[in-house]
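Colleague: Sharing a structure, written as structure tokens. Questions coming.
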2 protein chains.
Amino acid sequence: MDSLIGSTDSKIQGVLIQNLKQIENKKGAVLHMLREDSPIFSRFGEVYFSLVNPGMIKAWKRHKAMTQHFAVPVGQILLVIYDDRIASPTHGEVGEFTLGRPDHYFLVRIPPMVWYGFQGLTTMPSLVANCSDLPHDPQELEKKDTEDSNIPYRWR
Amino acid sequence: MDSLIGSTDSKIQGVLIQNLKQIENKKGAVLHMLREDSPIFSRFGEVYFSLVNPGMIKAWKRHKAMTQHFAVPVGQILLVIYDDRIASPTHGEVGEFTLGRPDHYFLVRIPPMVWYGFQGLTTMPSLVANCSDLPHDPQELEKKDTEDSNIPYRWR
């Protein structure tokens, strides 16, 4: 399982992982996510949240045009990314990433045209924040079943 | 206490409140926050989170230039806003707003030059998401003590 603390590369082409700052405070921590002057910021489309109940799997999805930026400020998830882009140097690779505080508070950039899904790992609901470069548009979103046999990954 | 469900006005000049969509799902809800095509969106500066531990008070702060957009996808907070802008039609007013799911899942726009603070209302930590029009800059942030006597509000 890849965690890649502090790295900005992953084994899937175009997927970037950045360690995010957590400013601890007895009243409650302040948690960075994304700024317009970040080297990985391109443009703002939408920010929204996806709750993931314990053990639940939200998979598979692929965006034709949207680049996403995920962070998990509450709970922990397993994020799985599968690259079936024909021309990609990482074609056929599967990447697994644990996201969530305190040890895996990362920003993950997911480029268009890779399949992704996630599962809640904690006994409380996890919160995935997504700051994307385009607003939600069902026309550019594709889905496959969680157990689709064309994706070489089996959820536990 | 103002909740103003579905409204886009509040009793503080420049503060807007918008009801946000919650798409319920047994795997975990999808929670809207802000899109670039929203009529209240201006520009993207930063998105970050502030955790608020149970009963804790984070107050008072005022931004000279930044407009903030708050939503609370986890837990509940009491948000208090005090307007001491001399030329404001709501000069001297205090607004109290409960924010958090399921009944108070709102987007609140906080303009520059009003004082604000918040308190965690739930037995679990609450998460305040802020999507602001400028990235964090300590030069444009002012603070007062939680119990500052110049602000006509007493925290419980």
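Labeling convention for the structure tokens: chains A, B, ... as they appear, residues from 1 per chain, ligands from 1 in order of appearance.
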Give one line per residue of chain A that approaches chain B to at most 7 Å, naming the two atoms of the closest pair and their distance in Å to one decimal, counting only C-alpha atoms; sort by chain then ascending residue number and deliver it as CSV.
Modeller:
residue,atom,partner,partner_atom,distance
A:Lys27,CA,B:Met56,CA,5.5
A:Gly28,CA,B:Leu51,CA,4.5
A:Ala29,CA,B:Leu51,CA,5.3
A:Val30,CA,B:Ser50,CA,4.5
A:Leu31,CA,B:Phe49,CA,5.0
A:His32,CA,B:Tyr48,CA,4.8
A:Met33,CA,B:Tyr48,CA,5.0
A:Leu34,CA,B:Val47,CA,5.5
A:Arg35,CA,B:Glu46,CA,4.2
A:Glu36,CA,B:Gly45,CA,5.3
A:Phe44,CA,B:Phe44,CA,6.4
A:Gly45,CA,B:Glu36,CA,5.3
A:Glu46,CA,B:Arg35,CA,4.2
A:Val47,CA,B:Leu34,CA,5.5
A:Tyr48,CA,B:His32,CA,4.8
A:Phe49,CA,B:Leu31,CA,5.0
A:Ser50,CA,B:Val30,CA,4.5
A:Leu51,CA,B:Gly28,CA,4.5
A:Val52,CA,B:Gly28,CA,4.6
A:Asn53,CA,B:Gly28,CA,5.2
A:Met56,CA,B:Lys27,CA,5.5
A:Pro135,CA,B:Arg35,CA,6.0
Colleague: Quick one: superpose chain B onto chain A using all C-alpha atoms paired in order, least squares, and give it to me as an mmCIF file with C-alpha atoms, in the first residue's frame.
Modeller:
data_model
loop_
_atom_site.group_PDB
_atom_site.id
_atom_site.type_symbol
_atom_site.label_atom_id
_atom_site.label_comp_id
_atom_site.auth_asym_id
_atom_site.auth_seq_id
_atom_site.Cartn_x
_atom_site.Cartn_y
_atom_site.Cartn_z
ATOM 1 C CA MET B 1 0.000 -0.061 -0.015
ATOM 2 C CA ASP B 2 1.432 3.303 -1.057
ATOM 3 C CA SER B 3 1.364 6.213 1.297
ATOM 4 C CA LEU B 4 4.256 8.261 -0.109
ATOM 5 C CA ILE B 5 4.390 10.768 2.743
ATOM 6 C CA GLY B 6 5.656 14.117 1.531
ATOM 7 C CA SER B 7 6.020 12.945 -2.040
ATOM 8 C CA THR B 8 4.525 14.614 -5.070
ATOM 9 C CA ASP B 9 4.628 11.525 -7.288
ATOM 10 C CA SER B 10 2.877 8.210 -7.320
ATOM 11 C CA LYS B 11 3.150 5.122 -9.456
ATOM 12 C CA ILE B 12 0.150 6.198 -11.567
ATOM 13 C CA GLN B 13 1.028 8.733 -14.279
ATOM 14 C CA GLY B 14 -0.556 12.114 -13.468
ATOM 15 C CA VAL B 15 -1.521 11.230 -9.888
ATOM 16 C CA LEU B 16 0.212 13.564 -7.447
ATOM 17 C CA ILE B 17 0.311 13.255 -3.669
ATOM 18 C CA GLN B 18 1.188 16.136 -1.409
ATOM 19 C CA ASN B 19 1.622 16.164 2.347
ATOM 20 C CA LEU B 20 -0.776 18.748 3.848
ATOM 21 C CA LYS B 21 -0.126 20.920 6.891
ATOM 22 C CA GLN B 22 -2.066 20.243 10.102
ATOM 23 C CA ILE B 23 -1.820 23.075 12.632
ATOM 24 C CA GLU B 24 -2.677 21.428 15.949
ATOM 25 C CA ASN B 25 -4.569 23.409 18.587
ATOM 26 C CA LYS B 26 -6.427 22.309 21.719
ATOM 27 C CA LYS B 27 -9.572 24.027 20.400
ATOM 28 C CA GLY B 28 -9.349 22.014 17.163
ATOM 29 C CA ALA B 29 -6.756 21.746 14.386
ATOM 30 C CA VAL B 30 -6.568 23.890 11.260
ATOM 31 C CA LEU B 31 -6.116 21.704 8.184
ATOM 32 C CA HIS B 32 -4.793 22.975 4.887
ATOM 33 C CA MET B 33 -6.179 21.755 1.573
ATOM 34 C CA LEU B 34 -5.542 23.895 -1.544
ATOM 35 C CA ARG B 35 -4.541 27.496 -2.337
ATOM 36 C CA GLU B 36 -4.619 29.367 -5.620
ATOM 37 C CA ASP B 37 -0.852 29.914 -5.388
ATOM 38 C CA SER B 38 -0.096 26.195 -5.034
ATOM 39 C CA PRO B 39 2.067 24.854 -7.866
ATOM 40 C CA ILE B 40 -0.500 22.113 -8.459
ATOM 41 C CA PHE B 41 -3.553 24.421 -8.581
ATOM 42 C CA SER B 42 -4.956 25.003 -12.071
ATOM 43 C CA ARG B 43 -8.473 26.411 -11.805
ATOM 44 C CA PHE B 44 -11.498 26.222 -9.495
ATOM 45 C CA GLY B 45 -14.617 24.378 -10.618
ATOM 46 C CA GLU B 46 -16.356 23.161 -7.450
ATOM 47 C CA VAL B 47 -15.785 22.127 -3.871
ATOM 48 C CA TYR B 48 -18.079 19.485 -2.375
ATOM 49 C CA PHE B 49 -17.987 16.547 0.069
ATOM 50 C CA SER B 50 -18.643 12.835 -0.073
ATOM 51 C CA LEU B 51 -19.373 11.041 3.196
ATOM 52 C CA VAL B 52 -18.359 7.368 3.302
ATOM 53 C CA ASN B 53 -20.067 5.230 5.916
ATOM 54 C CA PRO B 54 -17.992 2.535 7.699
ATOM 55 C CA GLY B 55 -16.903 -0.224 5.301
ATOM 56 C CA MET B 56 -18.946 1.182 2.418
ATOM 57 C CA ILE B 57 -17.430 1.230 -1.085
ATOM 58 C CA LYS B 58 -18.021 4.022 -3.591
ATOM 59 C CA ALA B 59 -16.585 2.697 -6.893
ATOM 60 C CA TRP B 60 -15.890 2.853 -9.803
ATOM 61 C CA LYS B 61 -15.977 6.275 -11.422
ATOM 62 C CA ARG B 62 -14.003 8.005 -14.164
ATOM 63 C CA HIS B 63 -14.133 11.604 -15.354
ATOM 64 C CA LYS B 64 -13.504 12.393 -19.004
ATOM 65 C CA ALA B 65 -12.404 15.986 -18.404
ATOM 66 C CA MET B 66 -12.312 16.813 -14.685
ATOM 67 C CA THR B 67 -9.178 16.830 -12.554
ATOM 68 C CA GLN B 68 -9.990 16.238 -8.885
ATOM 69 C CA HIS B 69 -8.155 17.061 -5.663
ATOM 70 C CA PHE B 70 -9.083 14.898 -2.670
ATOM 71 C CA ALA B 71 -8.333 15.376 1.022
ATOM 72 C CA VAL B 72 -9.851 13.486 3.964
ATOM 73 C CA PRO B 73 -10.111 15.725 7.057
ATOM 74 C CA VAL B 74 -12.379 13.317 9.015
ATOM 75 C CA GLY B 75 -12.000 9.507 9.242
ATOM 76 C CA GLN B 76 -9.860 7.436 6.876
ATOM 77 C CA ILE B 77 -10.470 5.913 3.464
ATOM 78 C CA LEU B 78 -8.727 3.533 1.107
ATOM 79 C CA LEU B 79 -8.504 5.218 -2.302
ATOM 80 C CA VAL B 80 -7.865 2.881 -5.249
ATOM 81 C CA ILE B 81 -6.914 4.163 -8.698
ATOM 82 C CA TYR B 82 -6.732 1.989 -11.828
ATOM 83 C CA ASP B 83 -5.026 3.195 -14.992
ATOM 84 C CA ASP B 84 -6.370 1.688 -18.219
ATOM 85 C CA ARG B 85 -5.279 4.585 -20.463
ATOM 86 C CA ILE B 86 -3.779 2.879 -23.512
ATOM 87 C CA ALA B 87 -0.977 5.396 -24.032
ATOM 88 C CA SER B 88 -0.056 5.754 -20.351
ATOM 89 C CA PRO B 89 3.382 4.563 -19.174
ATOM 90 C CA THR B 90 1.573 3.141 -16.142
ATOM 91 C CA HIS B 91 -1.162 1.399 -18.160
ATOM 92 C CA GLY B 92 -2.586 -1.544 -16.200
ATOM 93 C CA GLU B 93 -1.287 -0.358 -12.830
ATOM 94 C CA VAL B 94 -3.402 -0.186 -9.673
ATOM 95 C CA GLY B 95 -2.516 2.264 -6.867
ATOM 96 C CA GLU B 96 -3.809 1.999 -3.304
ATOM 97 C CA PHE B 97 -3.621 5.019 -1.023
ATOM 98 C CA THR B 98 -4.724 5.417 2.580
ATOM 99 C CA LEU B 99 -6.025 8.927 3.220
ATOM 100 C CA GLY B 100 -6.958 10.470 6.559
ATOM 101 C CA ARG B 101 -5.576 12.052 9.704
ATOM 102 C CA PRO B 102 -3.271 12.115 11.436
ATOM 103 C CA ASP B 103 -0.681 10.172 9.460
ATOM 104 C CA HIS B 104 -2.137 10.279 5.949
ATOM 105 C CA TYR B 105 -3.459 13.805 5.634
ATOM 106 C CA PHE B 106 -2.582 14.296 1.967
ATOM 107 C CA LEU B 107 -3.861 16.096 -1.079
ATOM 108 C CA VAL B 108 -4.241 13.655 -3.978
ATOM 109 C CA ARG B 109 -4.647 14.939 -7.510
ATOM 110 C CA ILE B 110 -6.614 12.518 -9.716
ATOM 111 C CA PRO B 111 -6.304 13.286 -13.439
ATOM 112 C CA PRO B 112 -9.100 12.627 -15.951
ATOM 113 C CA MET B 113 -9.489 9.174 -17.551
ATOM 114 C CA VAL B 114 -8.369 6.985 -14.640
ATOM 115 C CA TRP B 115 -10.818 4.817 -12.697
ATOM 116 C CA TYR B 116 -11.085 5.444 -8.968
ATOM 117 C CA GLY B 117 -13.060 4.307 -5.973
ATOM 118 C CA PHE B 118 -12.850 4.464 -2.216
ATOM 119 C CA GLN B 119 -13.879 2.611 0.937
ATOM 120 C CA GLY B 120 -14.490 3.881 4.484
ATOM 121 C CA LEU B 121 -11.915 2.430 6.896
ATOM 122 C CA THR B 122 -13.019 3.905 10.218
ATOM 123 C CA THR B 123 -15.890 3.131 12.606
ATOM 124 C CA MET B 124 -17.226 6.662 12.052
ATOM 125 C CA PRO B 125 -18.213 8.100 8.685
ATOM 126 C CA SER B 126 -15.269 9.508 6.732
ATOM 127 C CA LEU B 127 -15.437 12.798 4.849
ATOM 128 C CA VAL B 128 -13.811 13.124 1.424
ATOM 129 C CA ALA B 129 -13.439 16.750 0.293
ATOM 130 C CA ASN B 130 -13.047 17.263 -3.448
ATOM 131 C CA CYS B 131 -11.878 20.505 -5.022
ATOM 132 C CA SER B 132 -12.190 19.986 -8.760
ATOM 133 C CA ASP B 133 -11.253 22.092 -11.768
ATOM 134 C CA LEU B 134 -14.733 21.779 -13.333
ATOM 135 C CA PRO B 135 -18.168 21.795 -11.715
ATOM 136 C CA HIS B 136 -20.062 18.506 -11.599
ATOM 137 C CA ASP B 137 -21.450 17.500 -14.998
ATOM 138 C CA PRO B 138 -23.045 14.057 -15.379
ATOM 139 C CA GLN B 139 -22.137 14.118 -19.098
ATOM 140 C CA GLU B 140 -18.433 13.745 -18.397
ATOM 141 C CA LEU B 141 -18.763 11.061 -15.682
ATOM 142 C CA GLU B 142 -18.562 7.303 -16.349
ATOM 143 C CA LYS B 143 -19.344 4.525 -13.872
ATOM 144 C CA LYS B 144 -18.686 0.791 -13.529
ATOM 145 C CA ASP B 145 -19.968 -1.696 -10.977
ATOM 146 C CA THR B 146 -17.920 -2.078 -7.800
ATOM 147 C CA GLU B 147 -17.113 -5.680 -8.790
ATOM 148 C CA ASP B 148 -16.545 -5.027 -12.537
ATOM 149 C CA SER B 149 -14.334 -7.866 -13.805
ATOM 150 C CA ASN B 150 -12.457 -5.582 -16.220
ATOM 151 C CA ILE B 151 -10.783 -3.832 -13.318
ATOM 152 C CA PRO B 152 -8.074 -6.007 -11.721
ATOM 153 C CA TYR B 153 -8.889 -5.101 -8.144
ATOM 154 C CA ARG B 154 -11.069 -6.873 -5.592
ATOM 155 C CA TRP B 155 -12.503 -4.845 -2.720
ATOM 156 C CA ARG B 156 -12.388 -6.464 0.719
#
Colleague: When DSSP is applied to the backbone of this structure, which of region 5-55 of chain B are assigned strand (DSSP E or B)? Write them out as JSON, numbers by chain.
Modeller: {"B": [16, 17, 18, 19, 22, 23, 30, 31, 32, 33, 34, 35, 46, 47, 48, 49, 50, 51, 52]}
